[in-house]
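Data file: work05.cif. Format and content: mmCIF, C-alpha atoms and all ligand atoms.
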data_coords
#
loop_
_atom_site.label_atom_id
_atom_site.label_comp_id
_atom_site.auth_asym_id
_atom_site.auth_seq_id
_atom_site.Cartn_x
_atom_site.Cartn_y
_atom_site.Cartn_z
CA MET A 10 0.00 0.00 0.00
CA GLN A 11 1.18 3.42 -0.84
CA GLY A 12 2.31 5.52 2.13
CA TRP A 13 -0.43 8.15 1.82
CA LYS A 14 -3.17 5.49 1.70
CA LEU A 15 -1.84 3.87 4.87
CA TRP A 16 -1.67 7.29 6.53
CA LEU A 17 -5.29 8.03 5.48
CA GLY A 18 -6.50 4.66 6.83
CA VAL A 19 -4.77 5.06 10.20
CA SER A 20 -6.07 8.65 10.51
CA ALA A 21 -9.63 7.54 9.78
CA ILE A 22 -9.47 4.79 12.43
CA ALA A 23 -7.97 7.25 14.96
CA LEU A 24 -10.79 9.73 14.26
CA ILE A 25 -13.45 7.03 14.76
CA VAL A 26 -11.88 5.93 18.07
CA MET A 27 -11.59 9.55 19.28
CA PHE A 28 -15.23 10.23 18.34
CA GLY A 29 -16.30 7.14 20.28
CA VAL A 30 -14.35 8.21 23.37
CA TRP A 31 -15.70 11.79 23.09
CA THR A 32 -19.28 10.51 22.75
CA SER A 33 -18.95 8.26 25.79
CA LEU A 34 -17.74 11.21 27.89
CA GLN A 35 -20.64 13.49 26.90
CA PRO A 36 -23.44 13.96 29.44
CA ASP A 37 -26.18 11.58 28.42
CA PRO A 38 -29.60 11.48 30.11
CA THR A 39 -29.94 7.73 30.49
CA PHE A 40 -31.75 6.05 33.38
CA ILE A 41 -29.61 3.39 35.07
CA ARG A 42 -32.55 2.85 37.43
CA THR A 43 -35.95 3.91 36.15
CA PRO A 44 -38.06 5.84 38.70
CA TYR A 45 -39.03 4.00 41.87
CA LEU A 46 -40.93 5.01 44.99
CA GLY A 47 -40.10 5.24 48.69
CA PHE A 48 -41.38 6.84 51.87
CA ASP A 49 -40.33 9.84 53.89
CA THR A 50 -41.87 11.23 57.06
CA ASN A 51 -45.59 11.04 56.43
CA PRO A 52 -47.19 8.87 53.71
CA THR A 53 -50.46 10.84 53.79
CA THR A 54 -48.83 13.94 52.31
CA THR A 55 -45.39 12.95 50.96
CA MET A 56 -43.93 10.50 48.47
CA VAL A 57 -40.32 10.06 47.36
CA VAL A 58 -39.54 9.44 43.71
CA SER A 59 -36.01 8.09 43.12
CA TRP A 60 -33.95 7.25 40.04
CA LYS A 61 -30.35 6.76 38.97
CA THR A 62 -28.66 8.23 35.93
CA ALA A 63 -25.59 7.28 33.95
CA HIS A 64 -24.18 10.82 34.18
CA PRO A 65 -25.12 13.83 36.31
CA ALA A 66 -28.47 15.04 34.96
CA THR A 67 -31.12 17.55 35.97
CA GLY A 68 -34.34 15.77 36.88
CA THR A 69 -37.90 17.06 36.98
CA VAL A 70 -40.80 15.15 38.49
CA LEU A 71 -44.09 16.07 36.81
CA TYR A 72 -47.05 15.03 38.94
CA ALA A 73 -50.75 15.61 39.52
CA PRO A 74 -53.79 14.05 41.16
CA GLN A 75 -54.98 11.44 38.72
CA ALA A 76 -58.45 13.04 38.38
CA ASP A 77 -56.91 16.43 37.48
CA TYR A 78 -54.58 14.82 34.96
CA THR A 79 -57.49 12.97 33.33
CA ASN A 80 -59.47 16.24 33.05
CA THR A 81 -56.70 18.48 31.76
CA GLY A 82 -54.13 16.11 30.24
CA LYS A 83 -51.50 18.12 32.11
CA PHE A 84 -49.34 17.68 35.18
CA SER A 85 -50.20 20.52 37.56
CA ASN A 86 -47.02 20.22 39.66
CA THR A 87 -43.30 19.99 39.01
CA LEU A 88 -40.31 19.44 41.27
CA THR A 89 -36.83 19.91 39.83
CA VAL A 90 -33.73 18.29 41.30
CA PRO A 91 -30.44 19.78 40.08
CA ALA A 92 -27.75 17.60 38.54
CA MET A 93 -25.30 16.39 41.17
CA SER A 94 -21.59 16.64 40.70
CA GLY A 95 -19.26 14.42 42.64
CA ASP A 96 -21.89 11.94 43.78
CA LYS A 97 -20.41 8.70 42.58
CA TYR A 98 -23.72 6.82 42.52
CA ASN A 99 -25.89 9.43 40.70
CA VAL A 100 -28.91 8.34 42.74
CA TYR A 101 -31.54 11.08 42.97
CA HIS A 102 -34.40 11.41 45.43
CA ALA A 103 -37.22 13.93 44.95
CA THR A 104 -39.56 14.31 47.90
CA LEU A 105 -43.03 15.38 46.80
CA THR A 106 -44.70 17.23 49.68
CA GLY A 107 -48.11 18.80 50.29
CA LEU A 108 -49.92 15.90 48.63
CA ARG A 109 -53.63 15.34 49.27
CA PRO A 110 -54.34 12.47 51.68
CA ASP A 111 -56.36 9.55 50.33
CA SER A 112 -55.59 10.46 46.72
CA HIS A 113 -54.39 8.78 43.56
CA TYR A 114 -51.48 10.53 41.80
CA VAL A 115 -49.78 10.11 38.44
CA TYR A 116 -46.19 11.15 37.75
CA GLN A 117 -43.38 11.10 35.23
CA VAL A 118 -39.67 11.93 35.50
CA LYS A 119 -37.80 13.93 32.87
CA ILE A 120 -33.99 13.95 32.96
CA SER A 121 -31.83 16.32 30.94
CA ALA A 122 -28.12 16.51 30.23
CA GLY A 123 -25.97 17.76 27.35
CA GLY A 124 -29.00 19.28 25.59
CA LYS A 125 -30.82 15.92 25.49
CA THR A 126 -33.86 14.79 27.45
CA THR A 127 -35.27 11.40 28.44
CA VAL A 128 -38.77 10.94 29.85
CA SER A 129 -39.77 7.94 31.99
CA THR A 130 -42.85 5.79 31.59
CA PRO A 131 -45.67 7.28 33.72
CA GLY A 132 -46.17 5.84 37.20
CA ASN A 133 -48.89 6.24 39.78
CA PHE A 134 -49.34 5.93 43.54
CA TRP A 135 -51.81 6.45 46.38
CA THR A 136 -51.60 8.52 49.55
CA PRO A 137 -53.53 7.03 52.49
CA ALA A 138 -56.13 8.73 54.66
CA ALA A 139 -54.76 9.22 58.19
CA LYS A 140 -56.89 6.38 59.62
CA LEU A 141 -57.19 4.24 56.49
CA ASN A 142 -58.36 0.76 57.51
CA LYS A 143 -58.94 -0.94 54.16
CA PHE A 144 -55.87 -1.71 52.07
CA THR A 145 -53.38 -4.39 51.03
CA PHE A 146 -49.61 -4.61 51.34
CA ASP A 147 -47.19 -7.40 50.45
CA VAL A 148 -44.12 -8.79 52.23
CA TYR A 149 -41.27 -10.84 50.73
CA GLY A 150 -37.53 -11.32 51.15
CA ASP A 151 -34.23 -12.85 50.03
CA THR A 152 -34.30 -11.89 46.36
CA ARG A 153 -30.56 -11.96 46.05
CA THR A 154 -29.62 -14.70 43.55
CA TYR A 155 -31.96 -15.22 40.62
CA PRO A 156 -33.49 -12.07 39.06
CA ALA A 157 -35.81 -14.12 36.83
CA ARG A 158 -37.29 -15.85 39.90
CA HIS A 159 -37.47 -12.50 41.68
CA ARG A 160 -39.40 -11.12 38.69
CA LEU A 161 -41.98 -13.93 38.96
CA VAL A 162 -42.68 -12.93 42.56
CA VAL A 163 -42.77 -9.22 41.59
CA GLU A 164 -45.33 -9.90 38.85
CA ALA A 165 -47.51 -11.87 41.26
CA MET A 166 -47.39 -9.05 43.83
CA ALA A 167 -48.12 -6.40 41.20
CA ALA A 168 -51.45 -8.10 40.50
CA ASP A 169 -52.49 -7.30 44.11
CA HIS A 170 -52.02 -3.53 43.56
CA PRO A 171 -50.55 -3.28 47.06
CA ARG A 172 -50.20 0.14 48.69
CA PHE A 173 -46.57 -0.72 49.55
CA VAL A 174 -44.17 -3.67 49.72
CA VAL A 175 -41.89 -4.62 52.61
CA HIS A 176 -38.66 -6.51 51.84
CA THR A 177 -37.18 -8.55 54.71
CA GLY A 178 -33.55 -8.21 53.56
CA ASP A 179 -30.83 -9.84 51.43
CA LEU A 180 -31.92 -7.84 48.43
CA VAL A 181 -28.64 -8.59 46.63
CA GLU A 182 -25.74 -11.04 46.97
CA TYR A 183 -23.13 -8.40 47.90
CA GLY A 184 -24.37 -4.96 48.94
CA GLY A 185 -21.13 -3.23 47.92
CA VAL A 186 -21.24 -4.40 44.29
CA THR A 187 -23.00 -1.76 42.17
CA VAL A 188 -23.77 -4.04 39.24
CA LEU A 189 -25.82 -6.38 41.46
CA TRP A 190 -28.10 -3.49 42.36
CA ASP A 191 -28.28 -1.97 38.87
CA ASP A 192 -28.37 -5.12 36.71
CA ARG A 193 -30.23 -7.51 39.00
CA PHE A 194 -32.30 -6.12 41.87
CA PHE A 195 -33.69 -2.93 40.37
CA PRO A 196 -34.48 -4.24 36.86
CA ALA A 197 -36.29 -7.27 38.36
CA ALA A 198 -38.39 -5.10 40.69
CA ALA A 199 -38.80 -2.07 38.39
CA PRO A 200 -42.35 -2.76 37.12
CA LEU A 201 -43.61 -2.85 40.72
CA MET A 202 -41.38 -0.18 42.28
CA LYS A 203 -42.57 2.35 39.69
CA ASP A 204 -46.02 2.35 41.30
CA VAL A 205 -45.46 0.87 44.76
CA PRO A 206 -43.13 2.25 47.44
CA TYR A 207 -40.72 -0.23 49.03
CA LEU A 208 -39.82 -0.46 52.70
CA THR A 209 -36.62 -2.44 53.24
CA VAL A 210 -34.52 -3.79 56.10
CA LEU A 211 -30.86 -4.75 56.04
CA GLY A 212 -29.92 -8.38 55.45
CA ASN A 213 -26.45 -9.76 56.12
CA HIS A 214 -25.78 -9.69 52.35
CA GLU A 215 -26.31 -5.93 52.19
CA GLN A 216 -23.03 -5.70 54.18
CA ASN A 217 -24.26 -2.40 55.64
CA SER A 218 -23.12 -0.90 52.31
CA PRO A 219 -23.48 2.84 51.58
CA GLN A 220 -25.22 1.73 48.38
CA TYR A 221 -28.14 0.41 50.45
CA TYR A 222 -28.53 3.74 52.24
CA GLU A 223 -28.04 5.69 48.98
CA GLY A 224 -30.61 3.58 47.21
CA PHE A 225 -33.64 3.69 49.46
CA SER A 226 -35.69 6.43 50.98
CA LEU A 227 -37.09 5.17 54.27
CA PRO A 228 -39.14 6.62 57.12
CA PRO A 229 -37.28 8.23 60.02
CA GLY A 230 -35.67 6.05 62.67
CA GLY A 231 -32.10 5.76 63.89
CA GLY A 232 -28.65 4.18 63.59
CA GLU A 233 -26.63 4.54 60.40
CA ASP A 234 -27.84 7.39 58.21
CA GLY A 235 -30.90 7.68 60.50
CA LYS A 236 -32.51 4.71 58.72
CA GLU A 237 -30.76 1.55 59.91
CA TRP A 238 -34.03 1.05 61.78
CA TRP A 239 -37.27 2.96 61.13
CA SER A 240 -40.99 3.15 61.78
CA MET A 241 -44.09 4.58 60.16
CA ASP A 242 -47.86 4.64 60.51
CA TYR A 243 -49.83 3.72 57.41
CA GLY A 244 -53.50 4.19 58.23
CA VAL A 245 -54.31 2.15 61.32
CA VAL A 246 -51.14 0.05 60.97
CA HIS A 247 -47.81 0.76 62.69
CA LEU A 248 -44.80 -0.64 60.83
CA VAL A 249 -41.33 -1.07 62.37
CA GLY A 250 -38.11 -2.10 60.57
CA LEU A 251 -35.13 -3.28 62.62
CA ASP A 252 -31.52 -4.22 61.90
CA THR A 253 -30.60 -7.71 63.13
CA ASN A 254 -27.01 -7.18 61.94
CA ALA A 255 -26.43 -4.37 64.46
CA LEU A 256 -24.43 -6.45 66.94
CA THR A 257 -21.99 -7.57 64.24
CA LEU A 258 -21.25 -4.01 63.01
CA PRO A 259 -18.72 -1.49 64.44
CA ASN A 260 -19.80 -0.39 67.93
CA GLY A 261 -22.30 -3.22 67.78
CA PHE A 262 -23.16 -3.24 71.46
CA THR A 263 -23.97 0.50 71.46
CA ARG A 264 -25.94 0.18 68.21
CA MET A 265 -28.00 -2.64 69.67
CA ARG A 266 -28.59 -0.80 72.92
CA ASN A 267 -29.69 2.35 71.03
CA GLN A 268 -31.92 0.35 68.70
CA THR A 269 -33.63 -1.48 71.55
CA ALA A 270 -34.18 1.73 73.55
CA TRP A 271 -35.62 3.35 70.40
CA LEU A 272 -37.86 0.30 69.83
CA LYS A 273 -39.38 0.48 73.31
CA LYS A 274 -40.14 4.19 72.94
CA ASP A 275 -41.49 3.75 69.44
CA LEU A 276 -43.86 0.92 70.38
CA ALA A 277 -45.08 2.76 73.50
CA ALA A 278 -45.83 5.84 71.36
CA ALA A 279 -47.63 3.77 68.71
CA LYS A 280 -49.79 2.17 71.38
CA ALA A 281 -50.55 5.59 72.86
CA ARG A 282 -51.61 6.84 69.39
CA GLY A 283 -54.05 3.94 69.14
CA ALA A 284 -52.37 1.86 66.43
CA LYS A 285 -54.74 -0.97 65.61
CA PHE A 286 -52.04 -3.33 64.32
CA ILE A 287 -48.27 -3.44 64.95
CA PHE A 288 -46.10 -5.30 62.45
CA VAL A 289 -42.34 -5.65 62.91
CA PHE A 290 -39.88 -6.55 60.13
CA PHE A 291 -36.23 -7.64 60.27
CA HIS A 292 -33.91 -10.13 58.60
CA HIS A 293 -32.72 -12.89 60.95
CA PRO A 294 -35.68 -14.83 62.41
CA LEU A 295 -35.95 -15.29 66.16
CA TYR A 296 -37.43 -18.74 65.46
CA SER A 297 -36.77 -20.96 62.46
CA SER A 298 -36.89 -24.67 61.59
CA ASP A 299 -34.45 -24.12 58.68
CA ALA A 300 -31.90 -26.96 58.44
CA ASP A 301 -28.98 -24.51 58.69
CA TYR A 302 -30.44 -21.87 61.01
CA TYR A 303 -32.32 -24.01 63.54
CA PRO A 304 -33.70 -22.91 65.99
CA GLY A 305 -33.32 -19.22 65.03
CA ASN A 306 -31.55 -16.30 66.66
CA THR A 307 -31.81 -17.12 70.34
CA GLY A 308 -29.75 -14.09 71.44
CA LEU A 309 -32.05 -11.54 69.79
CA ARG A 310 -35.01 -13.56 71.00
CA THR A 311 -33.96 -12.92 74.61
CA ILE A 312 -33.66 -9.18 74.00
CA TRP A 313 -36.66 -8.42 71.78
CA GLN A 314 -39.39 -10.98 72.41
CA PRO A 315 -40.35 -9.61 75.90
CA ILE A 316 -40.69 -6.17 74.27
CA PHE A 317 -42.93 -7.53 71.50
CA VAL A 318 -45.11 -9.23 74.12
CA LYS A 319 -45.27 -6.16 76.37
CA TYR A 320 -46.38 -3.80 73.60
CA GLY A 321 -48.73 -6.23 71.85
CA VAL A 322 -46.90 -6.66 68.53
CA ASN A 323 -49.23 -8.63 66.25
CA VAL A 324 -46.86 -10.15 63.70
CA VAL A 325 -43.07 -10.32 63.32
CA PHE A 326 -41.81 -10.90 59.76
CA ALA A 327 -38.27 -12.09 58.98
CA GLY A 328 -36.32 -13.57 56.06
CA HIS A 329 -32.80 -15.06 55.86
CA CYS A 330 -34.13 -18.63 55.60
CA HIS A 331 -35.21 -19.25 52.01
CA GLN A 332 -38.63 -20.70 52.69
CA TYR A 333 -41.97 -19.96 54.35
CA GLU A 334 -42.65 -20.77 57.98
CA ARG A 335 -45.31 -19.55 60.39
CA LEU A 336 -44.92 -20.00 64.12
CA VAL A 337 -46.69 -18.85 67.27
CA GLU A 338 -44.42 -18.19 70.25
CA ASP A 339 -45.52 -16.60 73.51
CA GLY A 340 -48.65 -15.27 71.77
CA ILE A 341 -46.71 -13.57 68.97
CA ASN A 342 -47.15 -14.62 65.32
CA TYR A 343 -43.77 -15.08 63.63
CA ILE A 344 -43.56 -15.40 59.85
CA VAL A 345 -40.40 -16.26 57.92
CA THR A 346 -40.77 -15.16 54.29
CA GLY A 347 -37.54 -15.67 52.38
CA GLY A 348 -38.86 -16.95 49.06
CA GLY A 349 -38.11 -14.00 46.77
CA GLY A 350 -35.54 -15.61 44.47
CA ALA A 351 -32.60 -16.96 46.49
CA PRO A 352 -31.96 -20.76 46.35
CA LEU A 353 -34.64 -22.41 48.48
CA SER A 354 -33.49 -24.15 51.65
CA GLY A 355 -34.76 -27.22 53.52
CA PHE A 356 -35.98 -27.86 57.05
CA ASN A 357 -34.59 -29.55 60.12
CA ALA A 358 -35.95 -33.05 60.85
CA THR A 359 -37.45 -31.68 64.06
CA LEU A 360 -39.40 -28.44 63.81
CA VAL A 361 -39.17 -25.65 66.36
CA PRO A 362 -41.99 -26.07 68.91
CA GLY A 363 -44.68 -23.58 67.91
CA SER A 364 -44.17 -24.08 64.15
CA VAL A 365 -47.58 -24.12 62.47
CA LYS A 366 -46.89 -24.35 58.71
CA HIS A 367 -43.72 -24.61 56.62
CA VAL A 368 -42.81 -25.09 52.95
CA GLU A 369 -40.00 -24.39 50.47
CA MET A 370 -41.45 -22.29 47.65
CA LEU A 371 -41.04 -18.99 45.87
CA HIS A 372 -43.75 -16.91 47.50
CA TYR A 373 -44.80 -13.71 49.23
CA VAL A 374 -47.23 -12.81 52.01
CA ARG A 375 -50.25 -10.65 51.23
CA VAL A 376 -51.61 -8.65 54.16
CA THR A 377 -55.17 -7.37 53.76
CA ILE A 378 -56.43 -4.87 56.32
CA SER A 379 -60.20 -4.63 56.51
CA GLY A 380 -61.64 -2.80 59.51
CA ASP A 381 -60.57 -4.61 62.68
CA LYS A 382 -59.27 -7.63 60.78
CA ALA A 383 -55.96 -8.36 59.12
CA THR A 384 -55.77 -11.39 56.81
CA LEU A 385 -52.31 -12.73 56.06
CA ASP A 386 -52.20 -15.04 53.04
CA MET A 387 -49.08 -16.87 51.97
CA ILE A 388 -49.24 -16.71 48.17
CA PRO A 389 -47.15 -19.39 46.41
CA VAL A 390 -45.56 -18.33 43.12
CA ALA A 391 -43.44 -21.30 41.96
CA LYS A 392 -41.89 -24.59 43.01
CA VAL A 393 -38.22 -25.22 42.25
CA GLU A 394 -37.11 -28.73 41.28
CA GLY A 395 -33.40 -28.86 40.50
CA ASN A 396 -32.94 -25.95 38.09
CA LYS A 397 -36.56 -26.10 36.97
CA VAL A 398 -38.89 -23.34 38.13
CA ILE A 399 -42.51 -24.51 37.98
CA PRO A 400 -45.10 -21.73 38.39
CA VAL A 401 -48.09 -22.60 40.57
CA PRO A 402 -51.53 -20.95 40.91
CA HIS A 403 -51.41 -17.93 43.18
CA GLN A 404 -53.95 -19.33 45.61
CA PRO A 405 -53.39 -18.86 49.38
CA TRP A 406 -51.41 -21.80 50.80
CA ASP A 407 -51.67 -20.61 54.39
CA THR A 408 -53.96 -18.02 55.97
CA LEU A 409 -53.86 -16.28 59.32
CA VAL A 410 -56.61 -13.89 60.40
CA ILE A 411 -55.94 -11.58 63.34
CA THR A 412 -58.08 -9.00 65.07
CA GLY A 413 -56.58 -5.60 65.79
CA GLY A 414 -56.45 -4.07 69.25
FE FE B 501 -29.50 -13.57 55.13
#
Rewrite the coordinates I just gave you, this time as structure tokens.
Amino acid sequence: MQGWKLWLGVSAIALIVMFGVWTSLQPDPTFIRTPYLGFDTNPTTTMVVSWKTAHPATGTVLYAPQADYTNTGKFSNTLTVPAMSGDKYNVYHATLTGLRPDSHYVYQVKISAGGKTTVSTPGNFWTPAAKLNKFTFDVYGDTRTYPARHRLVVEAMAADHPRFVVHTGDLVEYGGVTVLWDDRFFPAAAPLMKDVPYLTVLGNHEQNSPQYYEGFSLPPGGGEDGKEWWSMDYGVVHLVGLDTNALTLPNGFTRMRNQTAWLKKDLAAAKARGAKFIFVFFHHPLYSSDADYYPGNTGLRTIWQPIFVKYGVNVVFAGHCHQYERLVEDGINYIVTGGGGAPLSGFNATLVPGSVKHVEMLHYVRVTISGDKATLDMIPVAKVEGNKVIPVPHQPWDTLVITGG
């Protein structure tokens, strides 16, 4: 080849490579996590819309009561969040305030960078009335390993149109690995999280990672980032999330002491406010017939169970063991729901005394509040045989009905 032709070819290739590098460095409004919902201080008047971008980008949440939007075709409210610089995760949270209680809202998020704009698929959500006593929420846990299995459970829950979802921990395999959040957890849950706020607690696999705290907006509480443990009223229900990893973390003894003191005060206050139901959520079960975790966390049992009994906690939900189990201990209902997508685990030959029902299945628990009654249905989603996932009808496999105080 003649010298000038070779020079021309090399120059052309260099230009193409440089253009590619330049393009990749340009601000680009791409969602890494499409918009998802979370709670803040008061669910009757606030909602948090979160998202993650590839590059710093200005975000605007467009929102309106659904009835207004239907009438006018326009979003009557906007909230703009400026592009962040120096935040390595690019996770944005927009707190919508001054919402109408007991209302249905629609929203969309627009992100802009480098003169380009991307608009999300519309989402919608409800705010509760202060004393709402007719609604559904879902509980599941241990989604960490198989996103496709997680998605099956998500799709089943979405059909309930729950007001919110509680996750009992071990959302991902390693909490410090970004790609597990962005390529596994969030894409699997995205269709539900767009319309349904999530309440989460820390599993051991979250590793107390900053990415957990960056990712989720949670009600006020205490410990790390003010949300290692939390509580919230939703209608007549009081919800409490605790961290069962606290003792294993730096200053574990102090953390645990602070958490337990906070718990006592929180439950006393909820009782004084007249909460009809109290539900507590954390990761490691106090009781379990799991083959590898039998008979549960006896240390935490000693510390927390007398408090649950004293303040009349109705149901304690946990995960960690990849199965469903319901137990009654000292008058408290304990439910282990760890069937969100992690490999299912088996049971000990002898069950914990007080165990009522147990099974290894992908599943979730549907909680239906109706007046003074709460109905807890274990909804099976699929059986797993070897590597084969076999969907099953979503008919209640176990049901517990409780009456509120
Ligand atoms: Fe776990």
Polymer residues at most 7 Å from Pro228 of chain A, only C-alpha atoms, same-chain spacing of 2 or more positions, as a PDB file with C-alpha atoms, keeping the file's coordinate frame:
ATOM      1  CA  PHE A  48     -41.380   6.840  51.870  1.00  0.00           C
ATOM      2  CA  ASP A  49     -40.330   9.840  53.890  1.00  0.00           C
ATOM      3  CA  THR A  50     -41.870  11.230  57.060  1.00  0.00           C
ATOM      4  CA  GLY A 230     -35.670   6.050  62.670  1.00  0.00           C
ATOM      5  CA  TRP A 239     -37.270   2.960  61.130  1.00  0.00           C
ATOM      6  CA  SER A 240     -40.990   3.150  61.780  1.00  0.00           C
ATOM      7  CA  MET A 241     -44.090   4.580  60.160  1.00  0.00           C
TER       8      MET A 241
END
Can I get the residues of chain A within 6 Å of ligand FE 501 (chain B), each with the closest pair of atoms and their distance in Å to one decimal, using only C-alpha atoms and all ligand atoms, sorted chain first then ascending number, as JSON lines?
{"residue": "A:Asp179", "atom": "CA", "partner": "B:FE501", "partner_atom": "FE", "distance": 5.4}
{"residue": "A:Gly212", "atom": "CA", "partner": "B:FE501", "partner_atom": "FE", "distance": 5.2}
{"residue": "A:Asn213", "atom": "CA", "partner": "B:FE501", "partner_atom": "FE", "distance": 5.0}
{"residue": "A:His329", "atom": "CA", "partner": "B:FE501", "partner_atom": "FE", "distance": 3.7}
Quick one: which segment 126-191 of chain A residues come within 12 Å of segment 273-293 of chain A, and what is the nearest atom pair for each with the distance in Å to one decimal, counting only C-alpha atoms, rows ordered by chain and ascending number, as a Markdown table?
| residue | atom | partner | partner_atom | distance |
| --- | --- | --- | --- | --- |
| A:Ala139 | CA | A:Ala284 | CA | 11.3 |
| A:Lys140 | CA | A:Ala284 | CA | 9.3 |
| A:Leu141 | CA | A:Lys285 | CA | 10.8 |
| A:Asn142 | CA | A:Lys285 | CA | 9.0 |
| A:Phe146 | CA | A:Phe288 | CA | 11.7 |
| A:Val148 | CA | A:Phe290 | CA | 9.2 |
| A:Tyr149 | CA | A:Phe290 | CA | 10.4 |
| A:Gly150 | CA | A:His292 | CA | 8.4 |
| A:Asp151 | CA | A:His292 | CA | 9.0 |
| A:Val174 | CA | A:Phe290 | CA | 11.6 |
| A:Val175 | CA | A:Phe290 | CA | 8.0 |
| A:His176 | CA | A:Phe290 | CA | 8.4 |
| A:Thr177 | CA | A:His292 | CA | 5.3 |
| A:Gly178 | CA | A:His292 | CA | 5.4 |
| A:Asp179 | CA | A:His292 | CA | 7.8 |
| A:Leu180 | CA | A:His292 | CA | 10.6 |
message: Please list as a count of residues only every residue within 6 Å of Pro137 of chain A, counting only C-alpha atoms and excluding residues in the same chain fewer than 5 positions away.
response: 3
task: For Gly363 of chain A, work out the shell of residues within 6 Å, counting only C-alpha atoms and skipping chain neighbours fewer than 4 positions away, then give it as an NGL selection string.
output: :A and (336-338)
- prompt: Smallest atom-to-atom distance to Ile388 of chain A: which of A:Leu201, A:Val374, A:Leu309, A:Val58, using all atoms listed in the file?
  reply: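 Closest to Ile388 of chain A of all the choices is A:Val374.
When only C-alpha atoms are used to measure the gap to Arg153 of chain A, the shortest distance among A:Ala165, A:Leu353, A:Ala383, A:Leu248 belongs to A:Leu353.
Between atom CA of Thr81 of chain A and atom CA of Asp169 of chain A there is a distance of 28.9 Å.
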I want to know what sits within 7 Å of Tyr183 of chain A, based on all atoms listed in the file, with residues of the same chain fewer than 5 positions away left out; could you give that as a CSV table (one decimal) with C-alpha atoms, keeping the file's coordinate frame?
chain,number,residue,atom,x,y,z
A,214,HIS,CA,-25.8,-9.7,52.4
A,215,GLU,CA,-26.3,-5.9,52.2
A,216,GLN,CA,-23.0,-5.7,54.2
field: Separation of atom CA of Glu223 of chain A from atom CA of Ser121 of chain A in Å
entry: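 Between atom CA of Ser121 of chain A and atom CA of Glu223 of chain A the gap works out to 21.3 Å.
Residue nearest Asp386 of chain A, chosen from A:Asp147, A:Glu233, A:Asp252, A:Asp191 and counting only C-alpha atoms: A:Asp147.
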message: Show me, as a list in words, the residues that have an atom within 12 Å of Leu258 of chain A when counting only C-alpha atoms, minus same-chain residues fewer than 2 positions from it.
response: Leu211, Asn213, Gln216, Asn217, Ser218, Gly232, Glu233, Glu237, Asp252, Thr253, Asn254, Ala255, Leu256, Asn260, Gly261, Phe262, Thr263, Arg264 and Met265 of chain A
task: Could you jot down the atom CA of Val162 of chain A to atom CA of Thr136 of chain A separation for me, Å, one decimal place?
output: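 A separation of 24.3 Å between them.
Nearest-residue note for Gly231 of chain A: choosing from A:Gly380, A:Gly250, A:Gly413, A:Gly185, the minimum distance belongs to A:Gly250, counting only C-alpha atoms.
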- line: Using all atoms listed in the file, the best pick from A:Val361, A:Ala199, A:Leu371, A:Ala103 as closest to Ser59 of chain A would be A:Ala103
Nearest-residue call for Gln220 of chain A, choices A:Met370, A:Val128, A:Asn99, A:Phe40, using all atoms listed in the file: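 For Gln220 of chain A, the nearest of the given residues is A:Asn99.
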- request: Take the point (-51.5, 10.3, 38.2) as written in the file and pick out every residue within 9 Å of it, counting only C-alpha atoms; give the list as number ranges by chain.
  value: A: 72-79, 84, 113-117, 131-134
Restricting it to C-alpha atoms, dump the selection as a CSV table (one decimal), in the frame of the given file.
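Output saved as part-v2.csv:
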chain,number,residue,atom,x,y,z
A,72,TYR,CA,-47.0,15.0,38.9
A,73,ALA,CA,-50.8,15.6,39.5
A,74,PRO,CA,-53.8,14.0,41.2
A,75,GLN,CA,-55.0,11.4,38.7
A,76,ALA,CA,-58.4,13.0,38.4
A,77,ASP,CA,-56.9,16.4,37.5
A,78,TYR,CA,-54.6,14.8,35.0
A,79,THR,CA,-57.5,13.0,33.3
A,84,PHE,CA,-49.3,17.7,35.2
A,113,HIS,CA,-54.4,8.8,43.6
A,114,TYR,CA,-51.5,10.5,41.8
A,115,VAL,CA,-49.8,10.1,38.4
A,116,TYR,CA,-46.2,11.2,37.8
A,117,GLN,CA,-43.4,11.1,35.2
A,131,PRO,CA,-45.7,7.3,33.7
A,132,GLY,CA,-46.2,5.8,37.2
A,133,ASN,CA,-48.9,6.2,39.8
A,134,PHE,CA,-49.3,5.9,43.5
